[in-house]
file upload_10.pdb (PDB, N, CA, C and O atoms)
ATOM      1  N   MET T  89       5.398 -10.512  -5.503  1.00  0.00           N
ATOM      2  CA  MET T  89       5.132  -9.102  -5.387  1.00  0.00           C
ATOM      3  C   MET T  89       5.732  -8.609  -4.088  1.00  0.00           C
ATOM      4  O   MET T  89       5.571  -9.219  -3.059  1.00  0.00           O
ATOM      5  N   THR T  90       6.425  -7.566  -4.182  1.00  0.00           N
ATOM      6  CA  THR T  90       6.849  -6.923  -2.963  1.00  0.00           C
ATOM      7  C   THR T  90       5.767  -5.931  -2.583  1.00  0.00           C
ATOM      8  O   THR T  90       5.047  -5.409  -3.437  1.00  0.00           O
ATOM      9  N   GLY T  91       5.647  -5.705  -1.309  1.00  0.00           N
ATOM     10  CA  GLY T  91       4.647  -4.757  -0.854  1.00  0.00           C
ATOM     11  C   GLY T  91       5.036  -3.341  -1.229  1.00  0.00           C
ATOM     12  O   GLY T  91       6.126  -3.087  -1.737  1.00  0.00           O
ATOM     13  N   PRO T  92       4.127  -2.420  -0.979  1.00  0.00           N
ATOM     14  CA  PRO T  92       4.447  -1.027  -1.263  1.00  0.00           C
ATOM     15  C   PRO T  92       5.596  -0.559  -0.370  1.00  0.00           C
ATOM     16  O   PRO T  92       5.766  -1.052   0.745  1.00  0.00           O
ATOM     17  N   THR T  93       6.352   0.394  -0.865  1.00  0.00           N
ATOM     18  CA  THR T  93       7.445   0.920  -0.066  1.00  0.00           C
ATOM     19  C   THR T  93       6.887   1.814   1.038  1.00  0.00           C
ATOM     20  O   THR T  93       5.743   2.281   0.969  1.00  0.00           O
ATOM     21  N   GLU T  94       7.713   2.057   2.024  1.00  0.00           N
ATOM     22  CA  GLU T  94       7.304   2.943   3.108  1.00  0.00           C
ATOM     23  C   GLU T  94       6.959   4.331   2.566  1.00  0.00           C
ATOM     24  O   GLU T  94       5.990   4.954   3.000  1.00  0.00           O
ATOM     25  N   GLN T  95       7.730   4.794   1.593  1.00  0.00           N
ATOM     26  CA  GLN T  95       7.465   6.115   1.018  1.00  0.00           C
ATOM     27  C   GLN T  95       6.137   6.143   0.274  1.00  0.00           C
ATOM     28  O   GLN T  95       5.398   7.118   0.354  1.00  0.00           O
ATOM     29  N   GLU T  96       5.808   5.075  -0.447  1.00  0.00           N
ATOM     30  CA  GLU T  96       4.521   5.007  -1.137  1.00  0.00           C
ATOM     31  C   GLU T  96       3.365   5.057  -0.137  1.00  0.00           C
ATOM     32  O   GLU T  96       2.374   5.770  -0.360  1.00  0.00           O
ATOM     33  N   ILE T  97       3.505   4.312   0.950  1.00  0.00           N
ATOM     34  CA  ILE T  97       2.457   4.304   1.979  1.00  0.00           C
ATOM     35  C   ILE T  97       2.362   5.677   2.620  1.00  0.00           C
ATOM     36  O   ILE T  97       1.268   6.210   2.825  1.00  0.00           O
ATOM     37  N   ARG T  98       3.497   6.264   2.933  1.00  0.00           N
ATOM     38  CA  ARG T  98       3.527   7.583   3.568  1.00  0.00           C
ATOM     39  C   ARG T  98       2.826   8.627   2.688  1.00  0.00           C
ATOM     40  O   ARG T  98       2.014   9.417   3.164  1.00  0.00           O
ATOM     41  N   THR T  99       3.123   8.590   1.395  1.00  0.00           N
ATOM     42  CA  THR T  99       2.523   9.546   0.471  1.00  0.00           C
ATOM     43  C   THR T  99       1.014   9.360   0.395  1.00  0.00           C
ATOM     44  O   THR T  99       0.247  10.325   0.461  1.00  0.00           O
ATOM     45  N   ARG T 100       0.573   8.103   0.267  1.00  0.00           N
ATOM     46  CA  ARG T 100      -0.869   7.850   0.176  1.00  0.00           C
ATOM     47  C   ARG T 100      -1.568   8.181   1.485  1.00  0.00           C
ATOM     48  O   ARG T 100      -2.672   8.753   1.488  1.00  0.00           O
ATOM     49  N   ALA T 101      -0.962   7.869   2.618  1.00  0.00           N
ATOM     50  CA  ALA T 101      -1.550   8.195   3.920  1.00  0.00           C
ATOM     51  C   ALA T 101      -1.691   9.708   4.071  1.00  0.00           C
ATOM     52  O   ALA T 101      -2.697  10.199   4.594  1.00  0.00           O
ATOM     53  N   TYR T 102      -0.704  10.459   3.594  1.00  0.00           N
ATOM     54  CA  TYR T 102      -0.773  11.916   3.651  1.00  0.00           C
ATOM     55  C   TYR T 102      -1.937  12.426   2.799  1.00  0.00           C
ATOM     56  O   TYR T 102      -2.695  13.310   3.220  1.00  0.00           O
ATOM     57  N   GLU T 103      -2.106  11.836   1.604  1.00  0.00           N
ATOM     58  CA  GLU T 103      -3.222  12.226   0.741  1.00  0.00           C
ATOM     59  C   GLU T 103      -4.561  11.945   1.427  1.00  0.00           C
ATOM     60  O   GLU T 103      -5.476  12.772   1.377  1.00  0.00           O
ATOM     61  N   LEU T 104      -4.673  10.784   2.056  1.00  0.00           N
ATOM     62  CA  LEU T 104      -5.897  10.434   2.765  1.00  0.00           C
ATOM     63  C   LEU T 104      -6.149  11.397   3.921  1.00  0.00           C
ATOM     64  O   LEU T 104      -7.288  11.815   4.172  1.00  0.00           O
ATOM     65  N   TRP T 105      -5.103  11.760   4.637  1.00  0.00           N
ATOM     66  CA  TRP T 105      -5.192  12.691   5.763  1.00  0.00           C
ATOM     67  C   TRP T 105      -5.679  14.054   5.286  1.00  0.00           C
ATOM     68  O   TRP T 105      -6.568  14.649   5.892  1.00  0.00           O
ATOM     69  N   LYS T 106      -5.092  14.538   4.176  1.00  0.00           N
ATOM     70  CA  LYS T 106      -5.512  15.824   3.622  1.00  0.00           C
ATOM     71  C   LYS T 106      -6.971  15.763   3.183  1.00  0.00           C
ATOM     72  O   LYS T 106      -7.747  16.680   3.460  1.00  0.00           O
ATOM     73  N   ASP T 107      -7.346  14.689   2.498  1.00  0.00           N
ATOM     74  CA  ASP T 107      -8.717  14.534   2.017  1.00  0.00           C
ATOM     75  C   ASP T 107      -9.725  14.470   3.162  1.00  0.00           C
ATOM     76  O   ASP T 107     -10.874  14.876   3.003  1.00  0.00           O
ATOM     77  N   ALA T 108      -9.291  13.950   4.299  1.00  0.00           N
ATOM     78  CA  ALA T 108     -10.173  13.810   5.461  1.00  0.00           C
ATOM     79  C   ALA T 108     -10.246  15.098   6.277  1.00  0.00           C
ATOM     80  O   ALA T 108     -10.894  15.131   7.326  1.00  0.00           O
ATOM     81  N   GLY T 109      -9.565  16.149   5.842  1.00  0.00           N
ATOM     82  CA  GLY T 109      -9.606  17.420   6.566  1.00  0.00           C
ATOM     83  C   GLY T 109      -8.559  17.542   7.649  1.00  0.00           C
ATOM     84  O   GLY T 109      -8.745  18.283   8.607  1.00  0.00           O
ATOM     85  N   GLU T 110      -7.471  16.798   7.518  1.00  0.00           N
ATOM     86  CA  GLU T 110      -6.338  16.842   8.452  1.00  0.00           C
ATOM     87  C   GLU T 110      -6.746  16.558   9.904  1.00  0.00           C
ATOM     88  O   GLU T 110      -6.429  17.312  10.817  1.00  0.00           O
ATOM     89  N   PRO T 111      -7.436  15.431  10.125  1.00  0.00           N
ATOM     90  CA  PRO T 111      -7.890  15.107  11.485  1.00  0.00           C
ATOM     91  C   PRO T 111      -6.724  14.757  12.408  1.00  0.00           C
ATOM     92  O   PRO T 111      -5.672  14.312  11.967  1.00  0.00           O
ATOM     93  N   HIS T 112      -6.938  14.954  13.678  1.00  0.00           N
ATOM     94  CA  HIS T 112      -5.929  14.600  14.691  1.00  0.00           C
ATOM     95  C   HIS T 112      -6.177  13.184  15.193  1.00  0.00           C
ATOM     96  O   HIS T 112      -7.309  12.775  15.372  1.00  0.00           O
ATOM     97  N   GLY T 113      -5.107  12.434  15.385  1.00  0.00           N
ATOM     98  CA  GLY T 113      -5.187  11.138  16.046  1.00  0.00           C
ATOM     99  C   GLY T 113      -5.612   9.954  15.197  1.00  0.00           C
ATOM    100  O   GLY T 113      -5.870   8.895  15.738  1.00  0.00           O
ATOM    101  N   ASN T 114      -5.696  10.086  13.896  1.00  0.00           N
ATOM    102  CA  ASN T 114      -6.124   8.958  13.068  1.00  0.00           C
ATOM    103  C   ASN T 114      -5.019   8.411  12.193  1.00  0.00           C
ATOM    104  O   ASN T 114      -5.294   7.648  11.265  1.00  0.00           O
ATOM    105  N   MET T 115      -3.794   8.763  12.437  1.00  0.00           N
ATOM    106  CA  MET T 115      -2.730   8.397  11.515  1.00  0.00           C
ATOM    107  C   MET T 115      -2.538   6.887  11.373  1.00  0.00           C
ATOM    108  O   MET T 115      -2.252   6.411  10.282  1.00  0.00           O
ATOM    109  N   ASP T 116      -2.695   6.129  12.435  1.00  0.00           N
ATOM    110  CA  ASP T 116      -2.552   4.668  12.323  1.00  0.00           C
ATOM    111  C   ASP T 116      -3.584   4.107  11.361  1.00  0.00           C
ATOM    112  O   ASP T 116      -3.254   3.291  10.497  1.00  0.00           O
ATOM    113  N   GLN T 117      -4.819   4.542  11.497  1.00  0.00           N
ATOM    114  CA  GLN T 117      -5.883   4.057  10.614  1.00  0.00           C
ATOM    115  C   GLN T 117      -5.609   4.462   9.169  1.00  0.00           C
ATOM    116  O   GLN T 117      -5.812   3.673   8.256  1.00  0.00           O
ATOM    117  N   LEU T 118      -5.168   5.685   8.977  1.00  0.00           N
ATOM    118  CA  LEU T 118      -4.891   6.156   7.624  1.00  0.00           C
ATOM    119  C   LEU T 118      -3.702   5.411   7.015  1.00  0.00           C
ATOM    120  O   LEU T 118      -3.701   5.107   5.817  1.00  0.00           O
ATOM    121  N   TRP T 119      -2.707   5.106   7.834  1.00  0.00           N
ATOM    122  CA  TRP T 119      -1.541   4.360   7.357  1.00  0.00           C
ATOM    123  C   TRP T 119      -1.970   2.978   6.855  1.00  0.00           C
ATOM    124  O   TRP T 119      -1.609   2.558   5.760  1.00  0.00           O
ATOM    125  N   TYR T 120      -2.770   2.279   7.672  1.00  0.00           N
ATOM    126  CA  TYR T 120      -3.209   0.941   7.282  1.00  0.00           C
ATOM    127  C   TYR T 120      -4.150   0.983   6.082  1.00  0.00           C
ATOM    128  O   TYR T 120      -4.105   0.099   5.235  1.00  0.00           O
ATOM    129  N   GLN T 121      -4.981   2.017   5.991  1.00  0.00           N
ATOM    130  CA  GLN T 121      -5.846   2.166   4.833  1.00  0.00           C
ATOM    131  C   GLN T 121      -5.015   2.384   3.573  1.00  0.00           C
ATOM    132  O   GLN T 121      -5.285   1.790   2.530  1.00  0.00           O
ATOM    133  N   ALA T 122      -3.995   3.222   3.677  1.00  0.00           N
ATOM    134  CA  ALA T 122      -3.119   3.485   2.535  1.00  0.00           C
ATOM    135  C   ALA T 122      -2.417   2.206   2.096  1.00  0.00           C
ATOM    136  O   ALA T 122      -2.362   1.899   0.896  1.00  0.00           O
ATOM    137  N   GLU T 123      -1.889   1.459   3.057  1.00  0.00           N
ATOM    138  CA  GLU T 123      -1.207   0.209   2.726  1.00  0.00           C
ATOM    139  C   GLU T 123      -2.161  -0.772   2.055  1.00  0.00           C
ATOM    140  O   GLU T 123      -1.830  -1.399   1.041  1.00  0.00           O
ATOM    141  N   LYS T 124      -3.371  -0.883   2.577  1.00  0.00           N
ATOM    142  CA  LYS T 124      -4.373  -1.787   2.016  1.00  0.00           C
ATOM    143  C   LYS T 124      -4.718  -1.392   0.581  1.00  0.00           C
ATOM    144  O   LYS T 124      -4.800  -2.244  -0.299  1.00  0.00           O
ATOM    145  N   GLU T 125      -4.904  -0.089   0.344  1.00  0.00           N
ATOM    146  CA  GLU T 125      -5.221   0.389  -1.004  1.00  0.00           C
ATOM    147  C   GLU T 125      -4.090   0.073  -1.987  1.00  0.00           C
ATOM    148  O   GLU T 125      -4.342  -0.365  -3.112  1.00  0.00           O
ATOM    149  N   LEU T 126      -2.870   0.307  -1.567  1.00  0.00           N
ATOM    150  CA  LEU T 126      -1.729   0.074  -2.447  1.00  0.00           C
ATOM    151  C   LEU T 126      -1.559  -1.410  -2.755  1.00  0.00           C
ATOM    152  O   LEU T 126      -1.250  -1.783  -3.892  1.00  0.00           O
ATOM    153  N   LEU T 127      -1.762  -2.256  -1.765  1.00  0.00           N
ATOM    154  CA  LEU T 127      -1.694  -3.705  -1.999  1.00  0.00           C
ATOM    155  C   LEU T 127      -2.801  -4.155  -2.955  1.00  0.00           C
ATOM    156  O   LEU T 127      -2.558  -4.956  -3.855  1.00  0.00           O
ATOM    157  N   ALA T 128      -3.998  -3.612  -2.770  1.00  0.00           N
ATOM    158  CA  ALA T 128      -5.117  -3.964  -3.641  1.00  0.00           C
ATOM    159  C   ALA T 128      -4.848  -3.497  -5.068  1.00  0.00           C
ATOM    160  O   ALA T 128      -5.169  -4.207  -6.031  1.00  0.00           O
ATOM    161  N   ARG T 129      -4.246  -2.334  -5.207  1.00  0.00           N
ATOM    162  CA  ARG T 129      -3.924  -1.808  -6.533  1.00  0.00           C
ATOM    163  C   ARG T 129      -2.940  -2.725  -7.255  1.00  0.00           C
ATOM    164  O   ARG T 129      -3.092  -3.018  -8.430  1.00  0.00           O
ATOM    165  N   LYS T 130      -1.934  -3.196  -6.521  1.00  0.00           N
ATOM    166  CA  LYS T 130      -0.960  -4.116  -7.128  1.00  0.00           C
ATOM    167  C   LYS T 130      -1.628  -5.433  -7.510  1.00  0.00           C
ATOM    168  O   LYS T 130      -1.364  -5.983  -8.576  1.00  0.00           O
ATOM    169  N   ALA T 131      -2.505  -5.929  -6.653  1.00  0.00           N
ATOM    170  CA  ALA T 131      -3.210  -7.173  -6.944  1.00  0.00           C
ATOM    171  C   ALA T 131      -4.107  -7.001  -8.165  1.00  0.00           C
ATOM    172  O   ALA T 131      -4.201  -7.903  -9.003  1.00  0.00           O
ATOM    173  N   ALA T 132      -4.752  -5.851  -8.295  1.00  0.00           N
ATOM    174  CA  ALA T 132      -5.626  -5.583  -9.435  1.00  0.00           C
ATOM    175  C   ALA T 132      -4.843  -5.512 -10.738  1.00  0.00           C
ATOM    176  O   ALA T 132      -5.376  -5.780 -11.807  1.00  0.00           O
ATOM    177  N   ASN T 133      -3.577  -5.164 -10.629  1.00  0.00           N
ATOM    178  CA  ASN T 133      -2.718  -5.101 -11.812  1.00  0.00           C
ATOM    179  C   ASN T 133      -2.169  -6.472 -12.194  1.00  0.00           C
ATOM    180  O   ASN T 133      -1.327  -6.576 -13.078  1.00  0.00           O
ATOM    181  N   GLY T 134      -2.595  -7.510 -11.476  1.00  0.00           N
ATOM    182  CA  GLY T 134      -2.193  -8.869 -11.818  1.00  0.00           C
ATOM    183  C   GLY T 134      -0.934  -9.344 -11.134  1.00  0.00           C
ATOM    184  O   GLY T 134      -0.419 -10.398 -11.466  1.00  0.00           O
ATOM    185  N   GLU T 135      -0.434  -8.585 -10.209  1.00  0.00           N
ATOM    186  CA  GLU T 135       0.764  -9.010  -9.495  1.00  0.00           C
ATOM    187  C   GLU T 135       0.334  -9.814  -8.279  1.00  0.00           C
ATOM    188  O   GLU T 135      -0.605  -9.460  -7.591  1.00  0.00           O
ATOM    189  N   ALA T 136       1.011 -10.908  -8.049  1.00  0.00           N
ATOM    190  CA  ALA T 136       0.718 -11.749  -6.886  1.00  0.00           C
ATOM    191  C   ALA T 136       2.030 -12.201  -6.281  1.00  0.00           C
ATOM    192  O   ALA T 136       2.999 -12.446  -6.989  1.00  0.00           O
ATOM    193  N   HIS T 137       2.054 -12.326  -4.982  1.00  0.00           N
ATOM    194  CA  HIS T 137       3.266 -12.741  -4.283  1.00  0.00           C
ATOM    195  C   HIS T 137       3.446 -14.241  -4.428  1.00  0.00           C
ATOM    196  O   HIS T 137       2.530 -15.015  -4.243  1.00  0.00           O
ATOM    197  N   CYS T 138       4.621 -14.629  -4.805  1.00  0.00           N
ATOM    198  CA  CYS T 138       4.943 -16.045  -4.936  1.00  0.00           C
ATOM    199  C   CYS T 138       6.297 -16.273  -4.276  1.00  0.00           C
ATOM    200  O   CYS T 138       7.312 -15.800  -4.750  1.00  0.00           O
ATOM    201  N   ASP T 139       6.306 -16.986  -3.154  1.00  0.00           N
ATOM    202  CA  ASP T 139       7.580 -17.233  -2.485  1.00  0.00           C
ATOM    203  C   ASP T 139       7.926 -18.721  -2.469  1.00  0.00           C
ATOM    204  O   ASP T 139       8.762 -19.163  -1.714  1.00  0.00           O
ATOM    205  N   LYS T 140       7.278 -19.508  -3.318  1.00  0.00           N
ATOM    206  CA  LYS T 140       7.576 -20.940  -3.383  1.00  0.00           C
ATOM    207  C   LYS T 140       8.860 -21.168  -4.154  1.00  0.00           C
ATOM    208  O   LYS T 140       9.130 -20.505  -5.142  1.00  0.00           O
ATOM    209  N   ASN T 141       9.628 -22.113  -3.705  1.00  0.00           N
ATOM    210  CA  ASN T 141      10.871 -22.506  -4.374  1.00  0.00           C
ATOM    211  C   ASN T 141      11.841 -21.343  -4.556  1.00  0.00           C
ATOM    212  O   ASN T 141      12.546 -21.259  -5.554  1.00  0.00           O
ATOM    213  N   GLY T 142      11.831 -20.433  -3.624  1.00  0.00           N
ATOM    214  CA  GLY T 142      12.784 -19.332  -3.672  1.00  0.00           C
ATOM    215  C   GLY T 142      12.436 -18.227  -4.639  1.00  0.00           C
ATOM    216  O   GLY T 142      13.209 -17.304  -4.838  1.00  0.00           O
ATOM    217  N   HIS T 143      11.264 -18.281  -5.254  1.00  0.00           N
ATOM    218  CA  HIS T 143      10.871 -17.245  -6.210  1.00  0.00           C
ATOM    219  C   HIS T 143      10.220 -16.092  -5.454  1.00  0.00           C
ATOM    220  O   HIS T 143       9.242 -16.268  -4.758  1.00  0.00           O
ATOM    221  N   HIS T 144      10.790 -14.894  -5.593  1.00  0.00           N
ATOM    222  CA  HIS T 144      10.274 -13.742  -4.858  1.00  0.00           C
ATOM    223  C   HIS T 144       9.845 -12.609  -5.769  1.00  0.00           C
ATOM    224  O   HIS T 144       9.467 -11.560  -5.304  1.00  0.00           O
ATOM    225  N   GLY T 145       9.938 -12.788  -7.070  1.00  0.00           N
ATOM    226  CA  GLY T 145       9.561 -11.723  -7.988  1.00  0.00           C
ATOM    227  C   GLY T 145       8.071 -11.709  -8.263  1.00  0.00           C
ATOM    228  O   GLY T 145       7.334 -12.589  -7.846  1.00  0.00           O
ATOM    229  N   PRO T 146       7.603 -10.688  -8.976  1.00  0.00           N
ATOM    230  CA  PRO T 146       6.192 -10.627  -9.300  1.00  0.00           C
ATOM    231  C   PRO T 146       5.801 -11.756 -10.250  1.00  0.00           C
ATOM    232  O   PRO T 146       6.582 -12.171 -11.095  1.00  0.00           O
ATOM    233  N   THR T 147       4.627 -12.262 -10.058  1.00  0.00           N
ATOM    234  CA  THR T 147       4.088 -13.307 -10.892  1.00  0.00           C
ATOM    235  C   THR T 147       2.770 -12.804 -11.455  1.00  0.00           C
ATOM    236  O   THR T 147       1.939 -12.314 -10.722  1.00  0.00           O
ATOM    237  N   ARG T 148       2.589 -12.928 -12.743  1.00  0.00           N
ATOM    238  CA  ARG T 148       1.338 -12.483 -13.361  1.00  0.00           C
ATOM    239  C   ARG T 148       0.462 -13.706 -13.662  1.00  0.00           C
ATOM    240  O   ARG T 148       0.909 -14.658 -14.285  1.00  0.00           O
ATOM    241  N   TYR T 149      -0.754 -13.666 -13.170  1.00  0.00           N
ATOM    242  CA  TYR T 149      -1.715 -14.730 -13.432  1.00  0.00           C
ATOM    243  C   TYR T 149      -2.693 -14.212 -14.477  1.00  0.00           C
ATOM    244  O   TYR T 149      -3.180 -13.108 -14.382  1.00  0.00           O
ATOM    245  N   GLN T 150      -2.969 -15.031 -15.474  1.00  0.00           N
ATOM    246  CA  GLN T 150      -3.887 -14.602 -16.527  1.00  0.00           C
ATOM    247  C   GLN T 150      -5.029 -15.551 -16.669  1.00  0.00           C
ATOM    248  O   GLN T 150      -5.025 -16.652 -16.357  1.00  0.00           O
TER     249      GLN T 150
END
call {"tool": "encode", "arguments": {"input": "upload_10.pdb", "output": "structure tokens"}}
result
Amino acid sequence: MTGPTEQEIRTRAYELWKDAGEPHGNMDQLWYQAEKELLARKAANGEAHCDKNGHHGPTRYQ
């Protein structure tokens, strides 16, 4: 699994910022929260990172 793209994180962080009432000074926290949510979403969809033996594509575990 590749992680979320910078644009995906940026978009989600912006949504979180708007939902929080556009607070000042919390962008780092919102960025990391957005990244964490997106990674969790990918994991919930069954995607897992596998870098053994040169394999870098998504792997589905069932």
call {"tool": "atom_distance", "arguments": {"input": "upload_10.pdb", "atom1": "atom C of T:Tyr102", "atom2": "atom N of T:Lys124"}}
result
13.4 Å
call {"tool": "resolve_selection", "arguments": {"input": "upload_10.pdb", "expression": "the PyMOL selection byres ((chain T and resi 91-98) around 6)", "output": "VMD selection string"}}
result
chain T and resid 89 to 90 99 to 103 118 to 119 122 to 123 127
call {"tool": "atom_distance", "arguments": {"input": "upload_10.pdb", "atom1": "atom O of T:Ala132", "atom2": "atom C of T:Asp116"}}
result
25.3 Å
call {"tool": "atom_distance", "arguments": {"input": "upload_10.pdb", "atom1": "atom N of T:Tyr120", "atom2": "atom C of T:Leu104"}}
result
10.4 Å
call {"tool": "build_atoms", "arguments": {"input": "upload_10.pdb", "residues": "stretch 110-119 of chain T", "atoms": "all heavy atoms", "output": "PDB file, keeping the file's coordinate frame"}}
result
ATOM      1  N   GLU T 110      -7.471  16.798   7.518  1.00  0.00           N
ATOM      2  CA  GLU T 110      -6.338  16.842   8.452  1.00  0.00           C
ATOM      3  C   GLU T 110      -6.746  16.558   9.904  1.00  0.00           C
ATOM      4  O   GLU T 110      -6.429  17.312  10.817  1.00  0.00           O
ATOM      5  CB  GLU T 110      -5.625  18.188   8.338  1.00  0.00           C
ATOM      6  CG  GLU T 110      -5.137  18.474   6.937  1.00  0.00           C
ATOM      7  CD  GLU T 110      -4.483  19.837   6.781  1.00  0.00           C
ATOM      8  OE1 GLU T 110      -4.174  20.489   7.788  1.00  0.00           O
ATOM      9  OE2 GLU T 110      -4.278  20.238   5.618  1.00  0.00           O
ATOM     10  N   PRO T 111      -7.436  15.431  10.125  1.00  0.00           N
ATOM     11  CA  PRO T 111      -7.890  15.107  11.485  1.00  0.00           C
ATOM     12  C   PRO T 111      -6.724  14.757  12.408  1.00  0.00           C
ATOM     13  O   PRO T 111      -5.672  14.312  11.967  1.00  0.00           O
ATOM     14  CB  PRO T 111      -8.786  13.889  11.273  1.00  0.00           C
ATOM     15  CG  PRO T 111      -8.232  13.230  10.052  1.00  0.00           C
ATOM     16  CD  PRO T 111      -7.755  14.361   9.175  1.00  0.00           C
ATOM     17  N   HIS T 112      -6.938  14.954  13.678  1.00  0.00           N
ATOM     18  CA  HIS T 112      -5.929  14.600  14.691  1.00  0.00           C
ATOM     19  C   HIS T 112      -6.177  13.184  15.193  1.00  0.00           C
ATOM     20  O   HIS T 112      -7.309  12.775  15.372  1.00  0.00           O
ATOM     21  CB  HIS T 112      -5.999  15.578  15.873  1.00  0.00           C
ATOM     22  CG  HIS T 112      -5.637  16.965  15.485  1.00  0.00           C
ATOM     23  ND1 HIS T 112      -4.339  17.367  15.319  1.00  0.00           N
ATOM     24  CD2 HIS T 112      -6.408  18.041  15.191  1.00  0.00           C
ATOM     25  CE1 HIS T 112      -4.315  18.633  14.961  1.00  0.00           C
ATOM     26  NE2 HIS T 112      -5.571  19.072  14.873  1.00  0.00           N
ATOM     27  N   GLY T 113      -5.107  12.434  15.385  1.00  0.00           N
ATOM     28  CA  GLY T 113      -5.187  11.138  16.046  1.00  0.00           C
ATOM     29  C   GLY T 113      -5.612   9.954  15.197  1.00  0.00           C
ATOM     30  O   GLY T 113      -5.870   8.895  15.738  1.00  0.00           O
ATOM     31  N   ASN T 114      -5.696  10.086  13.896  1.00  0.00           N
ATOM     32  CA  ASN T 114      -6.124   8.958  13.068  1.00  0.00           C
ATOM     33  C   ASN T 114      -5.019   8.411  12.193  1.00  0.00           C
ATOM     34  O   ASN T 114      -5.294   7.648  11.265  1.00  0.00           O
ATOM     35  CB  ASN T 114      -7.277   9.393  12.151  1.00  0.00           C
ATOM     36  CG  ASN T 114      -8.551   9.676  12.893  1.00  0.00           C
ATOM     37  OD1 ASN T 114      -8.655   9.403  14.073  1.00  0.00           O
ATOM     38  ND2 ASN T 114      -9.522  10.221  12.202  1.00  0.00           N
ATOM     39  N   MET T 115      -3.794   8.763  12.437  1.00  0.00           N
ATOM     40  CA  MET T 115      -2.730   8.397  11.515  1.00  0.00           C
ATOM     41  C   MET T 115      -2.538   6.887  11.373  1.00  0.00           C
ATOM     42  O   MET T 115      -2.252   6.411  10.282  1.00  0.00           O
ATOM     43  CB  MET T 115      -1.414   9.072  11.888  1.00  0.00           C
ATOM     44  CG  MET T 115      -1.420  10.575  11.590  1.00  0.00           C
ATOM     45  SD  MET T 115      -2.014  11.024   9.926  1.00  0.00           S
ATOM     46  CE  MET T 115      -0.757  10.316   8.901  1.00  0.00           C
ATOM     47  N   ASP T 116      -2.695   6.129  12.435  1.00  0.00           N
ATOM     48  CA  ASP T 116      -2.552   4.668  12.323  1.00  0.00           C
ATOM     49  C   ASP T 116      -3.584   4.107  11.361  1.00  0.00           C
ATOM     50  O   ASP T 116      -3.254   3.291  10.497  1.00  0.00           O
ATOM     51  CB  ASP T 116      -2.704   3.986  13.678  1.00  0.00           C
ATOM     52  CG  ASP T 116      -1.488   4.135  14.563  1.00  0.00           C
ATOM     53  OD1 ASP T 116      -0.431   4.566  14.062  1.00  0.00           O
ATOM     54  OD2 ASP T 116      -1.602   3.821  15.753  1.00  0.00           O
ATOM     55  N   GLN T 117      -4.819   4.542  11.497  1.00  0.00           N
ATOM     56  CA  GLN T 117      -5.883   4.057  10.614  1.00  0.00           C
ATOM     57  C   GLN T 117      -5.609   4.462   9.169  1.00  0.00           C
ATOM     58  O   GLN T 117      -5.812   3.673   8.256  1.00  0.00           O
ATOM     59  CB  GLN T 117      -7.229   4.610  11.060  1.00  0.00           C
ATOM     60  CG  GLN T 117      -7.720   4.039  12.363  1.00  0.00           C
ATOM     61  CD  GLN T 117      -9.003   4.698  12.837  1.00  0.00           C
ATOM     62  OE1 GLN T 117      -9.457   5.672  12.245  1.00  0.00           O
ATOM     63  NE2 GLN T 117      -9.572   4.164  13.901  1.00  0.00           N
ATOM     64  N   LEU T 118      -5.168   5.685   8.977  1.00  0.00           N
ATOM     65  CA  LEU T 118      -4.891   6.156   7.624  1.00  0.00           C
ATOM     66  C   LEU T 118      -3.702   5.411   7.015  1.00  0.00           C
ATOM     67  O   LEU T 118      -3.701   5.107   5.817  1.00  0.00           O
ATOM     68  CB  LEU T 118      -4.641   7.663   7.621  1.00  0.00           C
ATOM     69  CG  LEU T 118      -5.854   8.524   8.003  1.00  0.00           C
ATOM     70  CD1 LEU T 118      -5.451   9.979   8.134  1.00  0.00           C
ATOM     71  CD2 LEU T 118      -6.977   8.354   7.002  1.00  0.00           C
ATOM     72  N   TRP T 119      -2.707   5.106   7.834  1.00  0.00           N
ATOM     73  CA  TRP T 119      -1.541   4.360   7.357  1.00  0.00           C
ATOM     74  C   TRP T 119      -1.970   2.978   6.855  1.00  0.00           C
ATOM     75  O   TRP T 119      -1.609   2.558   5.760  1.00  0.00           O
ATOM     76  CB  TRP T 119      -0.506   4.233   8.478  1.00  0.00           C
ATOM     77  CG  TRP T 119       0.744   3.527   8.041  1.00  0.00           C
ATOM     78  CD1 TRP T 119       0.967   2.181   8.020  1.00  0.00           C
ATOM     79  CD2 TRP T 119       1.936   4.132   7.542  1.00  0.00           C
ATOM     80  NE1 TRP T 119       2.226   1.912   7.551  1.00  0.00           N
ATOM     81  CE2 TRP T 119       2.850   3.097   7.258  1.00  0.00           C
ATOM     82  CE3 TRP T 119       2.328   5.456   7.338  1.00  0.00           C
ATOM     83  CZ2 TRP T 119       4.114   3.337   6.763  1.00  0.00           C
ATOM     84  CZ3 TRP T 119       3.603   5.687   6.847  1.00  0.00           C
ATOM     85  CH2 TRP T 119       4.478   4.641   6.566  1.00  0.00           C
TER      86      TRP T 119
END
